[in-house]
$ cat entry_14.csv   # CSV, C-alpha atoms
chain,number,residue,atom,x,y,z
U,107,MET,CA,0.0,0.0,0.0
U,108,TYR,CA,1.4,3.4,-0.9
U,109,ARG,CA,1.0,6.1,1.8
U,110,HIS,CA,1.7,9.8,1.8
U,111,THR,CA,1.1,11.1,5.3
U,112,VAL,CA,1.4,14.3,7.1
U,113,ARG,CA,0.9,15.5,10.6
U,114,ARG,CA,-2.4,17.3,11.3
U,115,ALA,CA,-4.1,16.1,8.1
U,116,LYS,CA,-7.5,17.6,7.3
U,117,ALA,CA,-8.7,14.6,5.4
U,118,TRP,CA,-7.8,11.1,4.2
U,119,ALA,CA,-8.2,9.9,0.6
U,120,SER,CA,-7.8,6.5,-0.9
U,121,TRP,CA,-7.8,5.1,-4.5
U,122,SER,CA,-8.7,1.4,-5.0
U,123,TYR,CA,-7.7,-0.3,-8.2
U,124,PRO,CA,-8.6,-3.7,-9.5
U,125,ASP,CA,-5.0,-4.6,-10.5
U,126,ARG,CA,-2.9,-2.5,-8.2
U,127,ARG,CA,-2.3,-1.9,-4.5
U,128,MET,CA,-4.6,0.6,-2.8
U,129,GLU,CA,-3.1,4.1,-2.5
U,130,GLU,CA,-3.7,6.3,0.4
U,131,ARG,CA,-2.9,9.9,0.9
U,132,ASP,CA,-3.5,12.5,3.6
U,133,CYS,CA,-4.9,15.8,2.6
U,134,LEU,CA,-4.0,19.3,3.7
U,135,GLN,CA,-6.5,22.2,3.5
U,136,CYS,CA,-6.0,25.9,3.0
U,137,VAL,CA,-6.9,27.7,6.2
U,138,HIS,CA,-8.2,30.7,4.1
U,139,CYS,CA,-10.3,29.1,1.3
U,140,GLN,CA,-10.7,25.4,2.2
U,141,TYR,CA,-8.9,24.3,-1.0
U,142,THR,CA,-7.8,20.8,-0.3
U,143,TRP,CA,-4.9,19.0,-1.9
U,144,PHE,CA,-3.3,15.6,-1.6
U,145,VAL,CA,0.0,15.3,0.1
U,146,GLU,CA,2.7,14.4,-2.4
U,147,LEU,CA,6.2,14.2,-1.0
U,148,GLY,CA,8.6,16.1,-3.2
U,149,SER,CA,5.9,17.5,-5.5
U,150,GLY,CA,7.7,20.8,-5.7
U,151,LYS,CA,4.4,22.7,-5.5
U,152,GLU,CA,4.7,26.0,-3.5
U,153,ARG,CA,2.2,26.4,-0.8
U,154,GLY,CA,2.2,28.8,2.1
U,155,TRP,CA,1.8,29.0,5.9
U,156,CYS,CA,-0.3,31.4,7.8
U,157,THR,CA,1.3,32.3,11.2
U,158,GLY,CA,-2.0,33.8,12.3
U,159,CYS,CA,-4.1,30.7,11.7
U,160,ASN,CA,-1.1,28.4,12.3
U,161,GLY,CA,-2.0,26.3,9.2
U,162,PRO,CA,-1.1,25.9,5.5
U,163,THR,CA,-2.4,28.0,2.7
U,164,CYS,CA,-3.0,26.9,-0.9
U,165,GLY,CA,-0.5,29.4,-2.3
U,166,ALA,CA,-3.1,31.4,-4.3
U,167,LYS,CA,-2.5,35.2,-4.1
U,168,GLU,CA,-5.9,35.9,-2.6
U,169,CYS,CA,-5.0,33.6,0.3
U,170,TYR,CA,-1.8,35.6,1.2
U,171,ILE,CA,-3.9,37.9,3.4
U,172,CYS,CA,-5.1,36.3,6.6
U,173,VAL,CA,-8.9,35.8,6.5
U,174,PRO,CA,-9.9,32.5,8.1
U,175,PHE,CA,-12.3,30.6,5.9
U,176,MET,CA,-15.1,30.7,8.5
U,177,LYS,CA,-14.8,34.4,8.6
U,178,ARG,CA,-14.9,34.5,4.8
U,179,ILE,CA,-18.0,32.3,4.7
U,180,GLU,CA,-19.7,34.7,7.2
U,181,GLU,CA,-18.7,37.7,5.1
U,182,TRP,CA,-20.3,36.0,2.0
U,183,GLU,CA,-23.5,35.3,4.0
U,184,ASN,CA,-23.6,38.9,5.4
U,185,ALA,CA,-23.1,40.3,1.9
U,186,GLU,CA,-26.0,38.2,0.6
U,187,ARG,CA,-28.2,39.3,3.5
U,188,PHE,CA,-27.4,42.9,2.9
U,189,ALA,CA,-28.1,42.5,-0.8
U,190,ALA,CA,-31.5,41.0,0.0
U,191,ALA,CA,-32.3,43.7,2.5
U,192,VAL,CA,-31.7,46.5,0.0
U,193,GLY,CA,-33.6,44.6,-2.7
U,194,LEU,CA,-30.7,43.6,-5.0
U,195,VAL,CA,-31.5,39.9,-4.9
U,196,PRO,CA,-34.8,38.1,-4.0
U,197,LYS,CA,-35.2,37.4,-0.3
Q,98,MET,CA,-27.3,17.8,14.0
Q,99,GLY,CA,-27.9,14.9,11.8
Q,100,ARG,CA,-25.9,12.9,9.3
Q,101,TYR,CA,-27.3,12.0,5.9
Q,102,GLY,CA,-26.3,10.1,2.8
Q,103,THR,CA,-27.3,10.6,-0.8
Q,104,GLU,CA,-26.1,9.2,-4.1
Q,105,HIS,CA,-26.4,9.7,-7.8
Q,106,GLN,CA,-25.0,8.5,-11.1
Q,107,THR,CA,-24.6,10.2,-14.4
Q,108,ALA,CA,-22.4,10.2,-17.5
Q,109,ALA,CA,-19.0,11.9,-17.4
Q,110,GLY,CA,-18.1,14.6,-19.9
Q,111,THR,CA,-16.9,18.2,-20.1
Q,112,ASN,CA,-18.2,20.3,-17.3
Q,113,LEU,CA,-21.0,18.0,-16.3
Q,114,THR,CA,-22.2,18.1,-12.7
Q,115,VAL,CA,-22.5,14.8,-11.0
Q,116,LEU,CA,-24.0,15.9,-7.7
Q,117,MET,CA,-24.7,19.2,-6.0
Q,118,LEU,CA,-25.8,19.9,-2.4
Q,119,VAL,CA,-27.4,23.3,-1.6
Q,120,GLY,CA,-28.0,24.2,2.1
Q,121,GLY,CA,-30.3,27.2,1.9
Q,122,ALA,CA,-30.3,30.2,4.1
Q,123,THR,CA,-30.6,28.4,7.5
Q,124,VAL,CA,-28.1,25.6,7.6
Q,125,ARG,CA,-24.5,25.0,6.5
Q,126,PRO,CA,-24.3,21.4,5.4
Q,127,LYS,CA,-20.8,19.9,5.8
Q,128,TRP,CA,-19.4,17.3,3.4
Q,129,TYR,CA,-17.5,14.8,5.4
Q,130,ASP,CA,-17.3,11.7,3.2
Q,131,PHE,CA,-17.7,11.0,-0.5
Q,132,ILE,CA,-17.0,8.1,-2.8
Q,133,ILE,CA,-16.6,8.3,-6.6
Q,134,GLY,CA,-16.5,5.3,-8.8
Q,135,SER,CA,-18.0,3.9,-12.0
Q,136,ASP,CA,-20.4,1.0,-12.7
Q,137,ALA,CA,-19.7,1.0,-16.4
Q,138,SER,CA,-17.8,-1.9,-18.1
Q,139,PRO,CA,-14.2,-1.6,-17.1
Q,140,ALA,CA,-12.2,0.6,-19.5
Q,141,ASP,CA,-9.2,2.9,-19.2
Q,142,VAL,CA,-10.9,6.2,-19.4
Q,143,ALA,CA,-9.4,9.1,-17.4
Q,144,THR,CA,-11.8,11.7,-16.0
Q,145,GLU,CA,-10.9,14.9,-14.1
Q,146,PHE,CA,-13.2,16.0,-11.3
Q,147,SER,CA,-13.5,19.3,-9.6
Q,148,LEU,CA,-15.3,20.1,-6.4
Q,149,ALA,CA,-16.3,23.7,-6.0
Q,150,ARG,CA,-18.7,26.1,-4.4
Q,151,THR,CA,-21.8,27.0,-6.4
Q,152,THR,CA,-23.6,30.3,-6.3
Q,153,ALA,CA,-26.6,29.4,-8.5
Q,154,VAL,CA,-28.4,26.1,-8.8
Q,155,GLY,CA,-28.8,25.9,-12.5
Q,156,THR,CA,-31.9,24.3,-14.1
Q,157,GLY,CA,-32.9,20.7,-14.6
Q,158,GLY,CA,-31.3,17.8,-12.9
Q,159,THR,CA,-32.7,15.1,-10.6
Q,160,ALA,CA,-33.9,15.9,-7.1
Q,161,LEU,CA,-32.2,13.5,-4.8
Q,162,THR,CA,-33.3,11.8,-1.6
Q,163,GLU,CA,-31.2,12.5,1.5
Q,164,GLU,CA,-31.4,9.5,3.7
Q,165,PRO,CA,-30.7,10.1,7.4
Q,166,LEU,CA,-28.1,7.7,8.7
Q,167,ASP,CA,-29.9,7.5,12.0
Q,168,PRO,CA,-33.6,6.7,11.2
Q,169,ILE,CA,-35.0,9.0,13.9
Q,170,THR,CA,-33.2,12.1,12.6
Q,171,VAL,CA,-35.4,14.8,11.1
Q,172,ALA,CA,-35.4,15.2,7.3
Q,173,ALA,CA,-32.4,17.1,5.9
Q,174,THR,CA,-32.7,20.8,5.1
Q,175,GLY,CA,-30.0,20.6,2.5
Q,176,ALA,CA,-31.2,19.6,-1.0
Q,177,GLY,CA,-29.2,17.4,-3.3
Q,178,THR,CA,-29.5,17.5,-7.1
Q,179,GLY,CA,-27.9,15.1,-9.5
Q,180,GLY,CA,-26.9,15.7,-13.1
Q,181,THR,CA,-27.5,15.9,-16.0
Q,182,PHE,CA,-28.5,19.6,-15.8
Q,183,ALA,CA,-30.2,21.6,-18.5
Q,184,ALA,CA,-28.2,24.6,-17.4
Q,185,GLU,CA,-25.2,23.9,-15.2
Q,186,PRO,CA,-24.9,25.5,-11.8
Q,187,THR,CA,-22.6,28.5,-11.5
Q,188,TYR,CA,-19.3,27.5,-10.0
Q,189,GLY,CA,-17.1,29.6,-7.7
Q,190,ASN,CA,-14.2,28.8,-5.5
Q,191,ARG,CA,-12.5,25.5,-6.1
Q,192,LEU,CA,-12.3,23.1,-3.2
Q,193,MET,CA,-10.5,20.1,-4.7
Q,194,ASN,CA,-9.4,18.7,-8.0
Q,195,LEU,CA,-8.7,15.1,-8.8
Q,196,ALA,CA,-8.1,12.9,-11.8
Q,197,LEU,CA,-9.4,9.3,-11.7
Q,198,ASN,CA,-9.2,6.3,-14.0
Q,199,GLN,CA,-12.6,4.7,-14.6
Q,200,ARG,CA,-11.3,1.5,-13.1
Q,201,ALA,CA,-10.5,3.1,-9.8
Q,202,THR,CA,-12.7,4.0,-6.9
Q,203,PHE,CA,-11.9,7.1,-4.9
Q,204,ARG,CA,-12.9,7.8,-1.3
Q,205,TRP,CA,-12.4,11.0,0.6
Q,206,VAL,CA,-13.0,11.3,4.4
Q,207,ALA,CA,-12.6,14.5,6.3
Q,208,ALA,CA,-10.9,14.7,9.7
Q,209,PRO,CA,-12.9,16.6,12.3
Q,210,GLY,CA,-12.7,20.2,11.2
Q,211,GLY,CA,-11.8,19.4,7.7
Q,212,GLU,CA,-15.3,19.1,6.3
Q,213,PHE,CA,-16.3,21.2,3.3
Q,214,ILE,CA,-18.7,23.8,4.7
Q,215,THR,CA,-21.5,25.3,2.6
Q,216,VAL,CA,-22.3,28.9,2.7
Q,217,ALA,CA,-25.7,29.5,4.4
Q,218,THR,CA,-27.2,31.5,1.6
Q,219,ALA,CA,-30.1,30.6,-0.7
Q,220,ALA,CA,-29.0,28.7,-3.8
Q,221,ASN,CA,-25.4,28.4,-2.6
Q,222,GLY,CA,-23.9,25.0,-2.3
Q,223,ILE,CA,-21.0,22.7,-3.2
Q,224,ALA,CA,-21.0,20.4,-6.2
Q,225,CYS,CA,-18.8,17.9,-7.9
Q,226,ARG,CA,-18.5,17.8,-11.7
Q,227,SER,CA,-16.4,16.1,-14.3
Q,228,ILE,CA,-14.5,18.9,-16.1
Q,229,ALA,CA,-12.8,16.7,-18.7
Q,230,SER,CA,-13.1,13.0,-19.7
Q,231,GLY,CA,-11.7,10.7,-22.3
Q,232,GLY,CA,-15.2,9.2,-22.7
Q,233,THR,CA,-18.7,9.2,-21.3
Q,234,PRO,CA,-18.6,6.5,-18.6
Q,235,ASN,CA,-21.3,6.4,-16.0
Q,236,ILE,CA,-20.0,8.1,-12.8
Q,237,ASN,CA,-21.4,7.0,-9.4
Q,238,MET,CA,-21.1,9.3,-6.5
Q,239,THR,CA,-22.1,8.8,-2.9
Q,240,LEU,CA,-22.1,11.7,-0.5
Q,241,TYR,CA,-22.3,11.8,3.3
Q,242,PHE,CA,-23.0,15.1,4.9
Q,243,GLU,CA,-24.0,16.5,8.3
Q,244,GLU,CA,-26.0,19.6,9.1
$ encode --input "entry_14.csv" --output "structure tokens"
Amino acid sequence: MYRHTVRRAKAWASWSYPDRRMEERDCLQCVHCQYTWFVELGSGKERGWCTGCNGPTCGAKECYICVPFMKRIEEWENAERFAAAVGLVPK
Amino acid sequence: MGRYGTEHQTAAGTNLTVLMLVGGATVRPKWYDFIIGSDASPADVATEFSLARTTAVGTGGTALTEEPLDPITVAATGAGTGGTFAAEPTYGNRLMNLALNQRATFRWVAAPGGEFITVATAANGIACRSIASGGTPNINMTLYFEE
């Protein structure tokens, strides 16, 4: 069985094949947008780390600024409520 | 809080939604487990999938039944819809990308705190779609969520 593991994984993923060994990987998740990727040792992909959230970021520019994903979700919800209140979208 | 399961199957293709879950304005359903496979005759067909937030539900599709895992749980508020859609949902932020051979079965399980959380806004949800495929195999998807 192939395994790619990491400490403090946010998820676990597995691939089952009829003719190969099962493959397992841990997943990491961006603390700012919830983008989730499979841990691949030595992939060379550049990610980031938020010292405020103490967790990994996906590396996208919009995730350089520290906005925890739950705060971002609440901001989206508030924006939608405001838009509904002023009649920009149906309630 | 209850846990629910739902499933759907549809053909893969280019930007074709397999399964979408919309929470509505009062709840934030959380995806904590899903399985993707194919019940088509085994063949080497590669398909790329994308999970992303949706901001509009599109039109058409098949309304799904969300079965509570605990029989005494109240009915789910989140509403699942399966492809094929007449007009695809509007996609926003990506949550995950994966490529899968048709012969393989994929399973993803969130650790506590790692669930995909839906925005509690009308018509907003999370969906899985095939964004490119070497064929049109039937794709089966099973989703477990809690709300």
$ atom_distance --input "entry_14.csv" --atom1 "CA of Thr107 (chain Q)" --atom2 "CA of Thr233 (chain Q)"
9.1 Å
$ residues_around --input "entry_14.csv" --residues "Met176 (chain U)" --least-positions-apart "6" --cutoff "9 Å" --atoms "all atoms listed in the file" --output "ChimeraX atom specification"
/U:138-139 /Q:214
$ closest_atom_pairs --input "entry_14.csv" --of "chain Q" --to "chain U" --cutoff "9 Å" --atoms "only C-alpha atoms" --output "Markdown table"
| residue | atom | partner | partner_atom | distance |
| --- | --- | --- | --- | --- |
| Q:Ala122 | CA | U:Glu183 | CA | 8.5 |
| Q:Tyr129 | CA | U:Ala117 | CA | 8.8 |
| Q:Ala149 | CA | U:Tyr141 | CA | 9.0 |
| Q:Asn190 | CA | U:Cys139 | CA | 7.8 |
| Q:Arg191 | CA | U:Tyr141 | CA | 6.4 |
| Q:Leu192 | CA | U:Tyr141 | CA | 4.2 |
| Q:Met193 | CA | U:Thr142 | CA | 5.2 |
| Q:Asn194 | CA | U:Trp143 | CA | 7.6 |
| Q:Leu195 | CA | U:Trp143 | CA | 8.8 |
| Q:Leu197 | CA | U:Trp121 | CA | 8.5 |
| Q:Asn198 | CA | U:Tyr123 | CA | 8.9 |
| Q:Arg200 | CA | U:Tyr123 | CA | 6.3 |
| Q:Ala201 | CA | U:Tyr123 | CA | 4.7 |
| Q:Thr202 | CA | U:Ser122 | CA | 5.1 |
| Q:Phe203 | CA | U:Trp121 | CA | 4.6 |
| Q:Arg204 | CA | U:Ser120 | CA | 5.3 |
| Q:Trp205 | CA | U:Ala119 | CA | 4.3 |
| Q:Val206 | CA | U:Trp118 | CA | 5.2 |
| Q:Ala207 | CA | U:Ala117 | CA | 4.0 |
| Q:Ala208 | CA | U:Ala117 | CA | 4.8 |
| Q:Pro209 | CA | U:Lys116 | CA | 7.4 |
| Q:Gly210 | CA | U:Lys116 | CA | 7.0 |
| Q:Gly211 | CA | U:Lys116 | CA | 4.7 |
| Q:Glu212 | CA | U:Lys116 | CA | 8.0 |
| Q:Phe213 | CA | U:Gln140 | CA | 7.1 |
| Q:Ile214 | CA | U:Ile179 | CA | 8.5 |
| Q:Thr215 | CA | U:Ile179 | CA | 8.1 |
| Q:Val216 | CA | U:Ile179 | CA | 5.8 |
| Q:Ala217 | CA | U:Glu183 | CA | 6.2 |
| Q:Thr218 | CA | U:Glu183 | CA | 5.8 |
| Q:Ala219 | CA | U:Lys197 | CA | 8.5 |
$ closest_residue --input "entry_14.csv" --among "Q:Leu118, Q:Ala183, Q:Leu240, Q:Ala153" --to "Ala220 (chain Q)" --atoms "all atoms listed in the file"
Q:Ala153
$ atom_distance --input "entry_14.csv" --atom1 "CA of Phe131 (chain Q)" --atom2 "CA of Ala109 (chain Q)"
17.0 Å
$ residues_near_point --input "entry_14.csv" --point "(2.9, 11.7, 4.6)" --cutoff "7 Å" --atoms "only C-alpha atoms" --output "PyMOL selection string"
chain U and resi 109-112+132+145+147
$ atom_distance --input "entry_14.csv" --atom1 "CA of Leu113 (chain Q)" --atom2 "CA of Phe182 (chain Q)"
7.7 Å
$ residues_around --input "entry_14.csv" --residues "Cys225 (chain Q)" --least-positions-apart "2" --cutoff "7 Å" --atoms "only C-alpha atoms" --output "count of residues only"
8
$ residues_around --input "entry_14.csv" --residues "region 158-160 of chain Q" --least-positions-apart "2" --cutoff "7 Å" --atoms "all atoms listed in the file" --output "PDB file with C-alpha atoms, in the coordinates of the input"
ATOM      1  CA  THR Q 156     -31.900  24.300 -14.100  1.00  0.00           C
ATOM      2  CA  THR Q 162     -33.300  11.800  -1.600  1.00  0.00           C
ATOM      3  CA  GLY Q 177     -29.200  17.400  -3.300  1.00  0.00           C
ATOM      4  CA  THR Q 178     -29.500  17.500  -7.100  1.00  0.00           C
ATOM      5  CA  GLY Q 179     -27.900  15.100  -9.500  1.00  0.00           C
ATOM      6  CA  GLY Q 180     -26.900  15.700 -13.100  1.00  0.00           C
ATOM      7  CA  THR Q 181     -27.500  15.900 -16.000  1.00  0.00           C
ATOM      8  CA  PHE Q 182     -28.500  19.600 -15.800  1.00  0.00           C
ATOM      9  CA  ALA Q 183     -30.200  21.600 -18.500  1.00  0.00           C
TER      10      ALA Q 183
END
$ residues_around --input "entry_14.csv" --residues "region 172-174 of chain Q" --least-positions-apart "6" --cutoff "9 Å" --atoms "only C-alpha atoms" --output "MDAnalysis selection string"
chainID Q and resid 99:101 119:121 123:124 126 163:165 243:244
$ residues_around --input "entry_14.csv" --residues "Ala143 (chain Q)" --least-positions-apart "3" --cutoff "8 Å" --atoms "only C-alpha atoms" --output "ChimeraX atom specification"
/Q:196-199,230-232
